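Asks: Here you go, one structure.
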Amino acid sequence: MKDLIKYIIKEETEKSIFNPMEIRLFKFVNKFKRDLGTEKKMLDFFENSLSTFNIPRNEARKYYNIYTLNYRPDGDYENVTQSNYKDPKRFLNQKRTSNTLSSTYVADKIPFKGSNLEGNWKNSRDNEWVYVVSSYGWYPIYAFKFGKWFAVDYNYSSSTSKHMSHSRPTRYNREIGEEMISVSREEMNKIIEGRITLDELISKKEEHFKSSLTSSEVENKNLFITSGWGDSKIKVTFKITSFDVIENRAIVDVLVTNVQKMEERKVVKGDGEFFKGEMPNVGEDDIKESLEYQVSRGLSIPLGRRPVVDMNVSFKYNPNVKQPMSFNTFQSMFLY
């Protein structure tokens, strides 16, 4: 039995860590390495070559790092095994950068160090790697784990808020896919430390999310969004009259109570034109489309994914609604 275990371990550690397509890619890059020279030229070369090897273009930085750390002048990538493989998570040193340029490093999950802002890979106690972006060396603001991005929902200070703005991973990388999952500081620590699974986290957030929207404090709260631009910019006042989630499908009933023209950030005086048919270029379908987009996006932020939304929108003018709450404020107060 001991000999069998040793044999299995030996087989696993001596088997090439790269698949045949990756081996072909690295052998191909070897042919041009001397002429490419700089990091920028190498990255451009990877980006332009990956599709030929059925690898997404947005993984150029990842494969550049793997190639650089495991470069074999003789092209013997078949013999890069578990025992001699240099994992970027372990071997990449932090690169110095300004805070304003940090988002490119975060999007590619590269260790970096800015001014009171840094990103690094850590191994959590559930034996999962997690990329963590920290403000002032102790406050985690972003984390990448389970193939998803997580963002802390409380900025702590104005400086930390700037750090989050500078290092946001989706700014220059639109191919990440899903929205980031918004989490509390406690949830973020559990993710980093390996004390919660993704399924457990999503399940708890869904329960909180549904109970929040169906609570008496939230039900029928007057809200507003703004839509359009220039002469077509409007403020739409509405309320969510009912909400339910059935198998990742959100069933939402919305009542629009007012539609008002805007100039820059101010509402133009004069009420009820829309309901009298006196607001040209603005129809019910336009308003439904704006509500579906903004509410759907708003529902996705706490859950980290965009649920299918079945929205039923009705219209009934009510000029007596005073100071409705911004839908963005409503999200941060009740849905996180």
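Labeling convention for the structure tokens: chains A, B, ... as they appear, residues from 1 per chain, ligands from 1 in order of appearance.
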Identify, on the basis of only C-alpha atoms, every residue whose closest approach to segment 22-32 of chain A does not exceed 8 Å; exclude the query and any residue fewer than 3 positions from it along the same chain; express the result as a PyMOL selection string.

Replies: chain A and resi 18-19+35-36+50+53+67+73+75+77-78

Asks: Would you export the selected residues with C-alpha atoms as a compact mmCIF listing (two decimals), in the first residue's frame, please?

Replies:
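The resulting part10.txt:
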# COMPACT_ATOMS: atom_id res chain seq x y z
CA PHE A 18 0.72 22.43 -18.57
CA ASN A 19 -1.82 21.06 -21.02
CA ASP A 35 13.13 40.02 -30.60
CA LEU A 36 10.28 41.05 -28.27
CA LEU A 50 -3.78 33.62 -27.32
CA PHE A 53 -4.42 28.61 -28.93
CA TYR A 67 5.77 31.94 -18.93
CA PRO A 73 15.30 28.20 -23.11
CA GLY A 75 11.43 24.66 -24.79
CA TYR A 77 7.77 22.73 -20.99
CA GLU A 78 6.60 19.10 -20.94

Asks: So which residues of segment 20-209 of chain A fall under strand (DSSP E or B) by DSSP, listed as number ranges by chain?

Replies: A: 81, 95-96, 112-113, 117-123, 129-135, 139-145, 148-152, 181-183

Asks: Can you write out the residues you just picked, keeping N, CA and C atoms, as a tab-separated table (two decimals), in the first residue's frame?

Replies:
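Listed below is the output, again_15.tsv:
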chain	number	residue	atom	x	y	z
A	81	THR	N	6.76	20.33	-13.88
A	81	THR	CA	5.84	19.53	-13.08
A	81	THR	C	5.48	20.25	-11.79
A	95	LYS	N	4.78	44.78	-7.21
A	95	LYS	CA	5.32	45.81	-8.07
A	95	LYS	C	4.88	47.17	-7.57
A	96	ARG	N	5.82	48.10	-7.57
A	96	ARG	CA	5.48	49.46	-7.14
A	96	ARG	C	4.68	50.16	-8.23
A	112	PHE	N	0.89	44.15	-5.93
A	112	PHE	CA	1.39	45.52	-6.12
A	112	PHE	C	1.44	46.24	-4.78
A	113	LYS	N	2.17	47.34	-4.78
A	113	LYS	CA	2.23	48.20	-3.58
A	113	LYS	C	2.19	49.64	-4.02
A	117	LEU	N	-1.82	51.41	-0.07
A	117	LEU	CA	-2.73	50.56	-0.84
A	117	LEU	C	-1.90	49.43	-1.44
A	118	GLU	N	-2.35	48.18	-1.27
A	118	GLU	CA	-1.58	47.07	-1.80
A	118	GLU	C	-2.47	45.87	-2.12
A	119	GLY	N	-1.95	45.01	-2.98
A	119	GLY	CA	-2.64	43.78	-3.33
A	119	GLY	C	-1.69	42.62	-3.27
A	120	ASN	N	-2.17	41.47	-2.79
A	120	ASN	CA	-1.32	40.31	-2.67
A	120	ASN	C	-2.14	39.04	-2.63
A	121	TRP	N	-1.52	37.91	-2.97
A	121	TRP	CA	-2.16	36.61	-2.87
A	121	TRP	C	-1.94	36.01	-1.49
A	122	LYS	N	-2.98	35.37	-0.97
A	122	LYS	CA	-2.89	34.68	0.32
A	122	LYS	C	-3.53	33.30	0.18
A	123	ASN	N	-3.07	32.37	1.00
A	123	ASN	CA	-3.67	31.04	1.02
A	123	ASN	C	-4.50	30.92	2.29
A	129	TRP	N	-6.68	29.81	-2.77
A	129	TRP	CA	-5.95	31.06	-2.94
A	129	TRP	C	-6.94	32.22	-3.05
A	130	VAL	N	-6.59	33.35	-2.44
A	130	VAL	CA	-7.44	34.54	-2.48
A	130	VAL	C	-6.55	35.76	-2.72
A	131	TYR	N	-6.93	36.57	-3.67
A	131	TYR	CA	-6.21	37.81	-3.96
A	131	TYR	C	-6.90	38.93	-3.19
A	132	VAL	N	-6.14	39.63	-2.35
A	132	VAL	CA	-6.73	40.63	-1.44
A	132	VAL	C	-6.12	42.00	-1.70
A	133	VAL	N	-6.99	43.00	-1.85
A	133	VAL	CA	-6.56	44.40	-1.93
A	133	VAL	C	-6.87	45.06	-0.60
A	134	SER	N	-5.85	45.63	0.03
A	134	SER	CA	-6.02	46.20	1.37
A	134	SER	C	-5.70	47.68	1.39
A	135	SER	N	-6.46	48.42	2.19
A	135	SER	CA	-6.23	49.83	2.42
A	135	SER	C	-5.54	49.99	3.77
A	139	TYR	N	-7.23	46.98	6.17
A	139	TYR	CA	-8.65	47.02	5.86
A	139	TYR	C	-8.88	46.46	4.45
A	140	PRO	N	-9.44	45.25	4.31
A	140	PRO	CA	-9.65	44.66	2.99
A	140	PRO	C	-10.79	45.32	2.25
A	141	ILE	N	-10.54	45.74	1.00
A	141	ILE	CA	-11.58	46.42	0.23
A	141	ILE	C	-12.07	45.57	-0.95
A	142	TYR	N	-11.19	44.77	-1.54
A	142	TYR	CA	-11.57	43.86	-2.62
A	142	TYR	C	-10.91	42.50	-2.37
A	143	ALA	N	-11.56	41.46	-2.84
A	143	ALA	CA	-10.96	40.13	-2.79
A	143	ALA	C	-11.45	39.32	-3.98
A	144	PHE	N	-10.58	38.47	-4.50
A	144	PHE	CA	-10.95	37.56	-5.59
A	144	PHE	C	-10.76	36.13	-5.11
A	145	LYS	N	-11.87	35.39	-5.09
A	145	LYS	CA	-11.85	34.01	-4.63
A	145	LYS	C	-13.04	33.27	-5.24
A	148	LYS	N	-14.63	34.74	-8.33
A	148	LYS	CA	-15.49	35.91	-8.25
A	148	LYS	C	-14.80	37.05	-7.49
A	149	TRP	N	-15.23	38.28	-7.81
A	149	TRP	CA	-14.76	39.45	-7.09
A	149	TRP	C	-15.74	39.80	-5.97
A	150	PHE	N	-15.19	40.22	-4.83
A	150	PHE	CA	-15.97	40.69	-3.70
A	150	PHE	C	-15.52	42.11	-3.34
A	151	ALA	N	-16.47	42.96	-3.00
A	151	ALA	CA	-16.17	44.34	-2.60
A	151	ALA	C	-16.79	44.61	-1.24
A	152	VAL	N	-16.03	45.23	-0.34
A	152	VAL	CA	-16.57	45.55	0.98
A	152	VAL	C	-17.59	46.68	0.82
A	181	ILE	N	-19.64	40.93	-5.88
A	181	ILE	CA	-20.56	40.68	-4.79
A	181	ILE	C	-20.23	41.64	-3.65
A	182	SER	N	-21.20	42.41	-3.23
A	182	SER	CA	-21.00	43.35	-2.13
A	182	SER	C	-21.14	42.61	-0.80
A	183	VAL	N	-20.13	42.75	0.08
A	183	VAL	CA	-20.12	42.02	1.35
A	183	VAL	C	-19.78	42.96	2.49

Asks: Which residue gives the smallest distance to His166 of chain A among A:Ile234, A:Val254, A:Leu291, A:Val106, with only C-alpha atoms counted?

Replies: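 Ranked by minimum distance to His166 of chain A, first place goes to A:Val106.
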
Asks: Taking only C-alpha atoms into account, which of A:Ala60, A:Met311, A:Leu69, A:Val321 comes nearest Arg249 of chain A?

Replies: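 Ranked by minimum distance to Arg249 of chain A, first place goes to A:Met311.
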
Asks: Enumerate as an MDAnalysis selection string all residues of segment 3-132 of chain A assigned to helix (DSSP H, G or I) by DSSP on the backbone, naming them with the chain letters and numbers the document uses.

Replies: chainID A and resid 3:14 20:36 39:53 57:69 77:79 88:91 99:107

Asks: Rank nothing, just name the residue among A:Phe315, A:Phe243, A:Tyr293, A:Trp229 nearest to Asn258 of chain A, using only C-alpha atoms.

Replies: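 Selected residue with least distance to Asn258 of chain A: A:Phe315.
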
Asks: Using Å and a single decimal, report how far atom CA of Pro111 of chain A sits from atom CA of Lys41 of chain A.

Replies: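 Computing it gives 20.7 Å between the two atoms.
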